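Data from input.tsv: TSV, C-alpha atoms
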chain	number	residue	atom	x	y	z
A	1	MET	CA	-6.52	-39.82	-17.82
A	2	ILE	CA	-4.45	-39.07	-14.75
A	3	ASP	CA	-1.16	-40.92	-14.54
A	4	SER	CA	-1.66	-43.32	-11.62
A	5	SER	CA	2.06	-43.40	-10.81
A	6	CYS	CA	1.64	-40.00	-9.15
A	7	LEU	CA	-0.97	-41.48	-6.81
A	8	LEU	CA	1.37	-42.58	-4.04
A	9	PRO	CA	3.51	-39.44	-3.94
A	10	ALA	CA	0.29	-37.42	-3.86
A	11	LEU	CA	-1.04	-39.56	-1.00
A	12	VAL	CA	2.17	-39.04	0.96
A	13	PHE	CA	1.99	-35.29	0.34
A	14	LEU	CA	-1.65	-35.06	1.48
A	15	THR	CA	-0.96	-37.20	4.52
A	16	LEU	CA	1.99	-35.02	5.48
A	17	MET	CA	-0.13	-31.87	5.05
A	18	SER	CA	-2.92	-33.26	7.24
A	19	GLY	CA	-0.35	-34.17	9.90
A	20	LEU	CA	1.28	-30.72	9.83
A	21	HIS	CA	-2.12	-29.04	9.84
A	22	ALA	CA	-3.17	-31.02	12.92
A	23	ARG	CA	0.23	-30.19	14.53
A	24	ILE	CA	0.95	-33.78	15.47
A	25	ASP	CA	4.36	-35.46	15.71
A	26	VAL	CA	4.25	-36.91	12.18
A	27	TYR	CA	7.41	-38.97	12.66
A	28	ARG	CA	6.10	-40.70	15.80
A	29	ALA	CA	2.68	-41.26	14.24
A	30	PHE	CA	4.32	-42.87	11.20
A	31	VAL	CA	6.46	-45.16	13.35
A	32	ARG	CA	3.48	-46.22	15.48
A	33	GLY	CA	1.46	-46.95	12.35
A	34	ALA	CA	4.34	-48.84	10.73
A	35	ARG	CA	4.63	-51.04	13.82
A	36	GLU	CA	0.89	-51.76	13.58
A	37	GLY	CA	1.21	-52.65	9.88
A	38	LEU	CA	4.04	-55.07	10.61
A	39	MET	CA	2.09	-56.66	13.46
A	40	THR	CA	-0.91	-57.16	11.14
A	41	LEU	CA	1.30	-58.95	8.65
A	42	LEU	CA	2.96	-61.02	11.37
A	43	GLU	CA	-0.43	-62.10	12.76
A	44	MET	CA	-1.49	-63.11	9.26
A	45	THR	CA	1.58	-65.24	8.50
A	46	PRO	CA	0.55	-68.44	10.38
A	47	TYR	CA	-2.77	-68.36	8.49
A	48	LEU	CA	-0.90	-67.87	5.23
A	49	CYS	CA	1.31	-70.82	6.11
A	50	ALA	CA	-1.76	-73.06	6.52
A	51	VAL	CA	-3.42	-71.86	3.34
A	52	LEU	CA	-0.27	-71.91	1.20
A	53	THR	CA	0.46	-75.46	2.34
A	54	ALA	CA	-3.02	-76.59	1.33
A	55	THR	CA	-2.98	-74.77	-2.02
A	56	ALA	CA	0.54	-76.00	-2.84
A	57	LEU	CA	-0.68	-79.54	-2.20
A	58	LEU	CA	-3.72	-79.07	-4.44
A	59	ARG	CA	-1.58	-77.58	-7.21
A	60	GLY	CA	1.16	-80.18	-6.91
A	61	THR	CA	-1.29	-83.07	-7.16
A	62	GLY	CA	-3.31	-81.66	-10.07
A	63	VAL	CA	-6.55	-81.14	-8.11
A	64	MET	CA	-6.43	-77.40	-8.71
A	65	ASP	CA	-6.24	-77.85	-12.50
A	66	ALA	CA	-9.19	-80.26	-12.45
A	67	MET	CA	-11.27	-77.78	-10.40
A	68	GLN	CA	-10.43	-74.91	-12.73
A	69	ASP	CA	-11.37	-76.99	-15.78
A	70	ALA	CA	-14.71	-77.92	-14.19
A	71	LEU	CA	-15.55	-74.32	-13.32
A	72	ALA	CA	-14.18	-72.76	-16.49
A	73	PRO	CA	-17.46	-72.48	-18.48
A	74	LEU	CA	-19.37	-70.79	-15.64
A	75	LEU	CA	-16.58	-68.34	-14.83
A	76	ALA	CA	-15.90	-67.64	-18.50
A	77	ALA	CA	-19.54	-66.53	-18.80
A	78	LEU	CA	-18.86	-63.94	-16.06
A	79	GLY	CA	-15.66	-62.85	-17.82
A	80	VAL	CA	-13.39	-64.38	-15.18
A	81	PRO	CA	-9.94	-65.56	-16.38
A	82	ALA	CA	-9.63	-69.28	-15.55
A	83	GLU	CA	-6.35	-68.81	-13.64
A	84	ALA	CA	-8.06	-66.47	-11.16
A	85	ALA	CA	-10.98	-68.81	-10.35
A	86	GLY	CA	-9.46	-69.77	-7.00
A	87	VAL	CA	-9.37	-66.13	-5.89
A	88	VAL	CA	-13.07	-65.65	-6.70
A	89	LEU	CA	-14.00	-68.71	-4.64
A	90	LEU	CA	-11.72	-68.00	-1.65
A	91	ARG	CA	-12.23	-64.23	-1.26
A	92	PRO	CA	-15.58	-64.41	0.61
A	93	LEU	CA	-14.18	-67.08	2.96
A	94	SER	CA	-10.80	-65.78	4.04
A	95	GLY	CA	-8.67	-62.72	3.38
A	96	SER	CA	-5.37	-64.53	3.86
A	97	ALA	CA	-6.43	-67.45	1.67
A	98	ALA	CA	-7.42	-65.04	-1.10
A	99	LEU	CA	-4.12	-63.18	-0.69
A	100	ALA	CA	-2.23	-66.45	-1.08
A	101	ALA	CA	-4.26	-67.23	-4.20
A	102	VAL	CA	-3.57	-63.77	-5.66
A	103	ARG	CA	0.12	-64.32	-5.08
A	104	ASP	CA	-0.11	-67.65	-6.93
A	105	VAL	CA	-1.87	-66.04	-9.90
A	106	ILE	CA	0.81	-63.33	-10.10
A	107	GLU	CA	3.58	-65.90	-9.91
A	108	ILE	CA	2.08	-68.13	-12.61
A	109	SER	CA	0.67	-65.53	-15.03
A	110	GLY	CA	2.87	-62.48	-14.36
A	111	ALA	CA	2.06	-59.26	-12.48
A	112	ASP	CA	0.68	-57.42	-15.52
A	113	SER	CA	-1.37	-60.30	-16.95
A	114	ARG	CA	-5.16	-59.99	-17.23
A	115	ALA	CA	-5.65	-62.78	-14.67
A	116	ALA	CA	-3.38	-61.09	-12.10
A	117	ARG	CA	-5.00	-57.69	-12.56
A	118	PHE	CA	-8.43	-59.28	-12.22
A	119	ALA	CA	-7.36	-61.14	-9.05
A	120	CYS	CA	-6.01	-57.92	-7.49
A	121	ILE	CA	-9.15	-55.95	-8.37
A	122	ILE	CA	-11.46	-58.60	-6.90
A	123	SER	CA	-9.42	-58.90	-3.71
A	124	GLY	CA	-9.11	-55.18	-3.20
A	125	ALA	CA	-12.77	-54.53	-3.96
A	126	SER	CA	-14.46	-57.07	-1.69
A	127	GLU	CA	-14.66	-58.38	1.86
A	128	THR	CA	-14.52	-61.67	3.74
A	129	ILE	CA	-18.31	-61.96	3.66
A	130	PHE	CA	-18.74	-65.05	5.84
A	131	PHE	CA	-16.19	-64.08	8.49
A	132	THR	CA	-17.52	-60.51	8.82
A	133	GLY	CA	-21.08	-61.81	8.96
A	134	SER	CA	-20.46	-64.27	11.77
A	135	LEU	CA	-18.38	-61.73	13.71
A	136	TYR	CA	-21.01	-58.96	13.57
A	137	LEU	CA	-24.00	-61.22	14.16
A	138	GLY	CA	-22.19	-62.80	17.08
A	139	ALA	CA	-21.60	-59.39	18.65
A	140	ALA	CA	-25.29	-58.52	18.34
A	141	GLY	CA	-26.46	-61.91	19.60
A	142	VAL	CA	-28.44	-62.44	16.40
A	143	ARG	CA	-28.61	-65.89	14.81
A	144	SER	CA	-29.89	-65.31	11.29
A	145	ALA	CA	-28.21	-62.96	8.82
A	146	GLY	CA	-31.63	-62.52	7.20
A	147	CYS	CA	-31.46	-60.82	3.82
A	148	ALA	CA	-27.94	-59.51	4.44
A	149	LEU	CA	-26.18	-62.69	3.29
A	150	PRO	CA	-27.99	-63.10	-0.06
A	151	ALA	CA	-27.68	-59.34	-0.64
A	152	ALA	CA	-23.93	-59.42	0.04
A	153	LEU	CA	-23.31	-62.54	-2.07
A	154	LEU	CA	-25.28	-61.16	-5.04
A	155	ALA	CA	-23.41	-57.87	-4.66
A	156	TYR	CA	-20.16	-59.84	-4.74
A	157	ALA	CA	-21.28	-61.55	-7.96
A	158	ALA	CA	-21.98	-58.11	-9.42
A	159	CYS	CA	-18.49	-57.02	-8.33
A	160	VAL	CA	-16.92	-60.06	-10.04
A	161	ALA	CA	-18.86	-59.38	-13.23
A	162	ALA	CA	-17.88	-55.68	-13.11
A	163	ALA	CA	-14.21	-56.58	-12.67
A	164	GLY	CA	-14.46	-59.09	-15.56
A	165	PHE	CA	-15.95	-56.35	-17.73
A	166	LEU	CA	-13.30	-53.80	-16.69
A	167	ILE	CA	-10.35	-56.01	-17.64
A	168	SER	CA	-11.90	-57.28	-20.87
A	169	PRO	CA	-9.44	-56.55	-23.69
B	1	MET	CA	-12.41	-72.14	7.35
B	2	ASN	CA	-11.75	-75.35	9.29
B	3	ALA	CA	-13.86	-77.41	6.91
B	4	VAL	CA	-12.27	-75.74	3.86
B	5	PHE	CA	-8.74	-76.38	5.13
B	6	CYS	CA	-9.39	-80.04	6.01
B	7	THR	CA	-11.15	-80.68	2.69
B	8	MET	CA	-8.26	-79.16	0.75
B	9	LEU	CA	-5.66	-81.28	2.55
B	10	LEU	CA	-7.71	-84.47	2.30
B	11	ALA	CA	-8.44	-83.94	-1.40
B	12	GLY	CA	-4.77	-83.29	-2.11
B	13	VAL	CA	-3.50	-86.36	-0.27
B	14	ALA	CA	-6.26	-88.54	-1.75
B	15	ALA	CA	-5.45	-87.33	-5.28
B	16	ALA	CA	-1.74	-88.00	-4.73
B	17	ALA	CA	-2.49	-91.50	-3.42
B	18	ALA	CA	-4.82	-92.21	-6.36
B	19	GLN	CA	-2.07	-91.22	-8.79
B	20	GLY	CA	0.40	-93.34	-6.85
B	21	ASP	CA	2.80	-90.39	-6.70
B	22	LEU	CA	3.26	-89.31	-3.10
B	23	SER	CA	6.57	-87.54	-3.71
B	24	ALA	CA	4.80	-84.64	-5.48
B	25	ALA	CA	2.59	-84.26	-2.41
B	26	GLN	CA	5.61	-84.33	-0.13
B	27	ASP	CA	7.41	-81.57	-2.02
B	28	ALA	CA	4.26	-79.45	-2.11
B	29	LEU	CA	3.58	-79.87	1.61
B	30	LEU	CA	7.09	-78.81	2.57
B	31	SER	CA	7.04	-75.74	0.30
B	32	GLY	CA	3.93	-74.07	1.82
B	33	GLY	CA	5.48	-72.83	5.07
B	34	THR	CA	8.61	-71.58	3.32
B	35	GLU	CA	6.47	-69.65	0.88
B	36	ALA	CA	4.51	-68.03	3.73
B	37	VAL	CA	7.66	-66.81	5.44
B	38	ALA	CA	9.13	-65.61	2.14
B	39	PHE	CA	5.89	-63.72	1.58
B	40	PHE	CA	6.18	-62.11	5.01
B	41	MET	CA	9.70	-60.92	4.21
B	42	SER	CA	8.82	-59.58	0.77
B	43	MET	CA	5.73	-57.68	1.98
B	44	ALA	CA	7.02	-56.38	5.34
B	45	GLY	CA	8.39	-53.12	3.93
B	46	ALA	CA	5.18	-52.21	2.12
B	47	TYR	CA	3.01	-53.05	5.13
B	48	ALA	CA	5.17	-50.92	7.38
B	49	PHE	CA	5.06	-48.02	4.89
B	50	PHE	CA	1.28	-48.06	4.42
B	51	GLY	CA	0.76	-48.67	8.14
B	52	GLY	CA	2.88	-45.57	8.80
B	53	LEU	CA	0.84	-43.43	6.40
B	54	LEU	CA	-2.40	-44.63	7.94
B	55	GLY	CA	-1.00	-43.93	11.40
B	56	VAL	CA	-0.33	-40.29	10.43
B	57	LEU	CA	-3.83	-39.97	8.92
B	58	ARG	CA	-5.44	-41.42	12.04
B	59	GLU	CA	-3.53	-39.23	14.47
B	60	SER	CA	-4.23	-36.11	12.37
B	61	GLY	CA	-7.93	-36.69	12.96
B	62	VAL	CA	-8.77	-37.49	9.32
B	63	THR	CA	-10.88	-40.49	10.35
B	64	GLN	CA	-12.87	-38.33	12.74
B	65	ALA	CA	-13.38	-35.63	10.10
B	66	LEU	CA	-14.58	-38.19	7.55
B	67	ALA	CA	-16.91	-39.75	10.12
B	68	GLY	CA	-18.36	-36.30	10.87
B	69	ALA	CA	-18.95	-35.58	7.18
B	70	MET	CA	-20.85	-38.85	6.77
B	71	ARG	CA	-23.31	-38.28	9.63
B	72	ARG	CA	-26.10	-36.60	7.68
B	73	PRO	CA	-26.10	-38.87	4.57
B	74	LEU	CA	-25.97	-41.95	6.78
B	75	LEU	CA	-28.91	-40.75	8.86
B	76	GLN	CA	-30.87	-40.57	5.59
B	77	LEU	CA	-29.71	-44.01	4.44
B	78	PHE	CA	-30.45	-45.92	7.65
B	79	ARG	CA	-34.08	-45.79	8.67
B	80	PHE	CA	-33.35	-46.22	12.36
B	81	ALA	CA	-35.99	-47.70	14.64
B	82	PRO	CA	-36.47	-45.65	17.83
B	83	GLY	CA	-33.38	-45.91	20.03
B	84	GLU	CA	-31.13	-47.26	17.28
B	85	GLU	CA	-29.81	-43.83	16.26
B	86	GLN	CA	-27.47	-43.87	19.26
B	87	ALA	CA	-25.34	-46.29	17.19
B	88	LEU	CA	-24.83	-43.60	14.50
B	89	ASP	CA	-21.49	-42.34	15.85
B	90	ASP	CA	-20.04	-45.85	15.90
B	91	ILE	CA	-21.38	-46.49	12.40
B	92	CYS	CA	-19.68	-43.31	11.11
B	93	VAL	CA	-16.34	-44.24	12.68
B	94	ASN	CA	-16.63	-47.82	11.41
B	95	LEU	CA	-17.31	-46.81	7.80
B	96	ALA	CA	-14.74	-43.99	7.81
B	97	ALA	CA	-12.03	-46.34	9.12
B	98	ASP	CA	-13.05	-48.99	6.59
B	99	MET	CA	-12.84	-46.48	3.74
B	100	LEU	CA	-9.30	-45.59	4.77
B	101	GLY	CA	-8.35	-49.25	5.08
B	102	MET	CA	-7.96	-49.27	8.86
B	103	GLY	CA	-9.54	-52.62	9.64
B	104	GLY	CA	-8.14	-52.56	13.16
B	105	ALA	CA	-10.05	-49.38	14.01
B	106	ALA	CA	-13.17	-50.29	12.04
B	107	THR	CA	-14.03	-53.60	13.68
B	108	PRO	CA	-14.39	-52.49	17.33
B	109	ALA	CA	-16.60	-49.55	16.29
B	110	GLY	CA	-18.67	-51.83	14.05
B	111	LEU	CA	-19.23	-54.43	16.75
B	112	SER	CA	-20.17	-51.70	19.22
B	113	ALA	CA	-22.70	-50.31	16.71
B	114	MET	CA	-24.27	-53.76	16.29
B	115	ARG	CA	-24.54	-54.20	20.07
B	116	LYS	CA	-26.18	-50.78	20.53
B	117	MET	CA	-28.73	-51.44	17.78
B	118	ALA	CA	-29.47	-54.90	19.19
B	119	ALA	CA	-29.99	-53.43	22.66
B	120	ALA	CA	-32.36	-50.76	21.30
B	121	GLY	CA	-34.70	-53.14	19.50
B	122	LYS	CA	-36.99	-55.67	21.13
B	123	MET	CA	-36.67	-58.38	18.51
B	124	ASN	CA	-35.49	-61.53	20.33
B	125	GLY	CA	-32.72	-62.85	18.06
B	126	CYS	CA	-33.80	-61.18	14.81
B	127	ALA	CA	-31.95	-58.32	13.16
B	128	SER	CA	-33.66	-54.97	12.41
B	129	ASP	CA	-33.59	-53.34	8.96
B	130	ALA	CA	-30.86	-50.92	10.04
B	131	MET	CA	-28.77	-53.79	11.45
B	132	LEU	CA	-29.10	-55.78	8.22
B	133	LEU	CA	-28.12	-52.76	6.10
B	134	PHE	CA	-25.11	-52.06	8.31
B	135	LEU	CA	-24.11	-55.71	8.13
B	136	THR	CA	-24.44	-55.71	4.33
B	137	LEU	CA	-22.26	-52.57	4.08
B	138	ASN	CA	-19.60	-54.32	6.13
B	139	MET	CA	-19.81	-57.46	4.01
B	140	CYS	CA	-19.30	-55.33	0.90
B	141	SER	CA	-16.00	-53.48	0.88
B	142	VAL	CA	-15.95	-49.68	1.13
B	143	GLN	CA	-12.17	-49.36	1.07
B	144	LEU	CA	-10.97	-46.45	-1.09
B	145	LEU	CA	-7.30	-47.40	-1.58
B	146	PRO	CA	-6.37	-51.10	-2.03
B	147	THR	CA	-2.96	-50.73	-0.32
B	148	THR	CA	-2.24	-54.46	0.04
B	149	MET	CA	-2.89	-55.08	-3.65
B	150	ILE	CA	-0.69	-52.13	-4.70
B	151	ALA	CA	2.05	-53.51	-2.45
B	152	ILE	CA	1.79	-57.07	-3.77
B	153	ARG	CA	1.92	-55.80	-7.37
B	154	ALA	CA	4.89	-53.54	-6.65
B	155	GLN	CA	6.75	-56.43	-5.07
B	156	ALA	CA	6.02	-58.64	-8.11
B	157	GLY	CA	7.49	-56.02	-10.45
B	158	ALA	CA	4.31	-54.73	-12.11
B	159	LYS	CA	4.91	-51.89	-14.56
B	160	ASN	CA	2.58	-49.57	-12.69
B	161	PRO	CA	1.47	-51.11	-9.38
B	162	ALA	CA	-1.20	-48.47	-8.69
B	163	ASP	CA	-3.02	-48.78	-12.04
B	164	ILE	CA	-5.61	-51.12	-10.47
B	165	VAL	CA	-6.91	-48.36	-8.20
B	166	LEU	CA	-9.58	-47.00	-10.55
B	167	PRO	CA	-11.05	-50.38	-11.63
B	168	THR	CA	-10.99	-51.51	-7.99
B	169	LEU	CA	-12.93	-48.41	-6.94
B	170	LEU	CA	-15.48	-49.01	-9.72
B	171	ALA	CA	-15.91	-52.68	-8.74
B	172	THR	CA	-16.27	-51.70	-5.08
B	173	GLY	CA	-18.86	-49.09	-6.03
B	174	VAL	CA	-20.89	-51.59	-8.06
B	175	GLN	CA	-20.76	-54.04	-5.17
B	176	THR	CA	-21.72	-51.62	-2.42
B	177	LEU	CA	-24.55	-49.99	-4.38
B	178	THR	CA	-25.92	-53.43	-5.37
B	179	GLY	CA	-25.76	-54.51	-1.73
B	180	ILE	CA	-27.61	-51.43	-0.48
B	181	ALA	CA	-30.25	-51.69	-3.21
B	182	LEU	CA	-30.88	-55.40	-2.59
B	183	CYS	CA	-31.08	-54.85	1.16
B	184	LYS	CA	-33.70	-52.12	0.69
B	185	ILE	CA	-35.68	-54.26	-1.78
B	186	PHE	CA	-35.64	-57.28	0.54
B	187	ALA	CA	-36.75	-55.12	3.47
B	188	VAL	CA	-39.74	-53.78	1.50
B	189	ARG	CA	-40.70	-57.31	0.40
B	190	ASN	CA	-40.54	-58.58	4.01
B	191	LYS	CA	-42.86	-55.75	5.08
B	192	ALA	CA	-45.30	-56.76	2.34
B	193	HIS	CA	-45.31	-60.35	3.64
B	194	ASP	CA	-46.04	-59.41	7.27
Could you rewrite the structure in this file as structure tokens?
Amino acid sequence: MIDSSCLLPALVFLTLMSGLHARIDVYRAFVRGAREGLMTLLEMTPYLCAVLTATALLRGTGVMDAMQDALAPLLAALGVPAEAAGVVLLRPLSGSAALAAVRDVIEISGADSRAARFACIISGASETIFFTGSLYLGAAGVRSAGCALPAALLAYAACVAAAGFLISP
Amino acid sequence: MNAVFCTMLLAGVAAAAAQGDLSAAQDALLSGGTEAVAFFMSMAGAYAFFGGLLGVLRESGVTQALAGAMRRPLLQLFRFAPGEEQALDDICVNLAADMLGMGGAATPAGLSAMRKMAAAGKMNGCASDAMLLFLTLNMCSVQLLPTTMIAIRAQAGAKNPADIVLPTLLATGVQTLTGIALCKIFAVRNKAHD
């Protein structure tokens, strides 16, 4: 097994090599990219504010606990830790909502808990299915997603089951 | 998202009112915005760092090289209807950028590919097989390095923030292959019905 803590240094090294090989101004390229990364995060923050407000309200009033209890048997069958149920439900709807939910799981269960690892794997491995679908169909002027939506949702279920299997103790 | 957001707020306020304890709701409502801004501050460094790396990769032409390498396999995967193959370049750039986690570069290319395929077909409002497959690929993730998740774990003090990379790749692989397979199966079944 390769030690995954060498992943980032290796990525930096390879990136640097590709930049030097292409003879670009690596420093400038990095700064431009960093600015873009910050802008992405800044654009996301108002959405996060909306979603975190709503989830804090649901948690504070006990609605979240009731929902998790209701869904627990179904998700347990898929191998999903109960604490991460919110992430599974929100990920296909909104990237920022799922990110907020992941953050909650980490805060409540700890960064190295099974639930937090599961939440991170699910979020990193899947897409905002509904948003992407409406965006792409809108661009093409097509109304029905046809078989693409059921295919993508079933594939997402397979991804959730795979992640549940991968973190099983 | 509008319906989801409104439902969440309504359910929360209704639950608080039913329990007769509105102070819990008040505290929760005021904490959300603060948390969002705190999140921005804690993640800004990691976003800037990964953005910088991706910027170097993009300007070194890595995206273009990856897109070029994917041309042949993608031509095999998509059974283009006549005229649709002119979207292939956009499809390559879209998927290459998505794999490297450059959503900003992937989306314009993806939308352009959809428009070109729609213009090529004469199917008044219906999507072709190639369009549906491309859409499915974009609804499944193809990202190779989950940078945001590594960053969020590093910030939370995980022992080894990058140790989710391999399971994430496996889960992505399962998802994308399932999506492609289902799309192909559905397409064959539709043909059989016609």
Which polymer residues have any atom within 6 Å of an atom of segment 43-59 of chain B, counting only C-alpha atoms, with same-chain residues fewer than 3 positions away left out, as a PyMOL selection string?
-> (chain A and resi 15+26+29-31+33-34+37-38) or (chain B and resi 40+62-63+151)
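For the atom pair formed by atom CA of Leu78 of chain A and atom CA of Ser94 of chain A, the distance is 21.7 Å, given to one decimal.
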So what do you get for atom CA of Ala77 of chain A versus atom CA of Ile121 of chain A, distance-wise?
-> 18.1 Å
Please report as a ChimeraX atom specification which residues of chain B come no farther than 6 Å from chain A, using all atoms listed in the file.
-> /B:8-9,12,16,24-25,28-29,32-33,36,47-49,51-53,55-57,60,111,114-115,118,125-126,132,136,139-141,146,149,156,158,162-163,168,171-172,174-175,178-179,182-183
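Interatomic distance, atom CA of Asn94 of chain B to atom CA of Ala109 of chain B: 5.2 Å.
Of the listed residues (A:Ala10, A:Ala66, A:Ala115, A:Ala85), A:Ala85 comes nearest to Ala98 of chain A; the distances count all atoms listed in the file.
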Dig up all the protein and nucleic acid residues within 8 Å of (-26.4, -47.0, 6.9) in the file frame, using all atoms listed in the file, and format them as a ChimeraX atom specification.
-> /B:74-79,91,130,133-134,137
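Among the candidates B:Gly157, B:Cys92, B:Lys116, B:Leu145, the residue lying nearest to Ser128 of chain B is B:Lys116 (atoms considered: all atoms listed in the file).
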How big is the axis-aligned box around the listed atoms of segment 15-22 of chain B once 6 Å is added on each side, and where is its centre? Give both in Å to one decimal, as JSON.
{"center_x": -1.1, "center_y": -90.3, "center_z": -5.9, "size_x": 20.7, "size_y": 18.0, "size_z": 17.7}
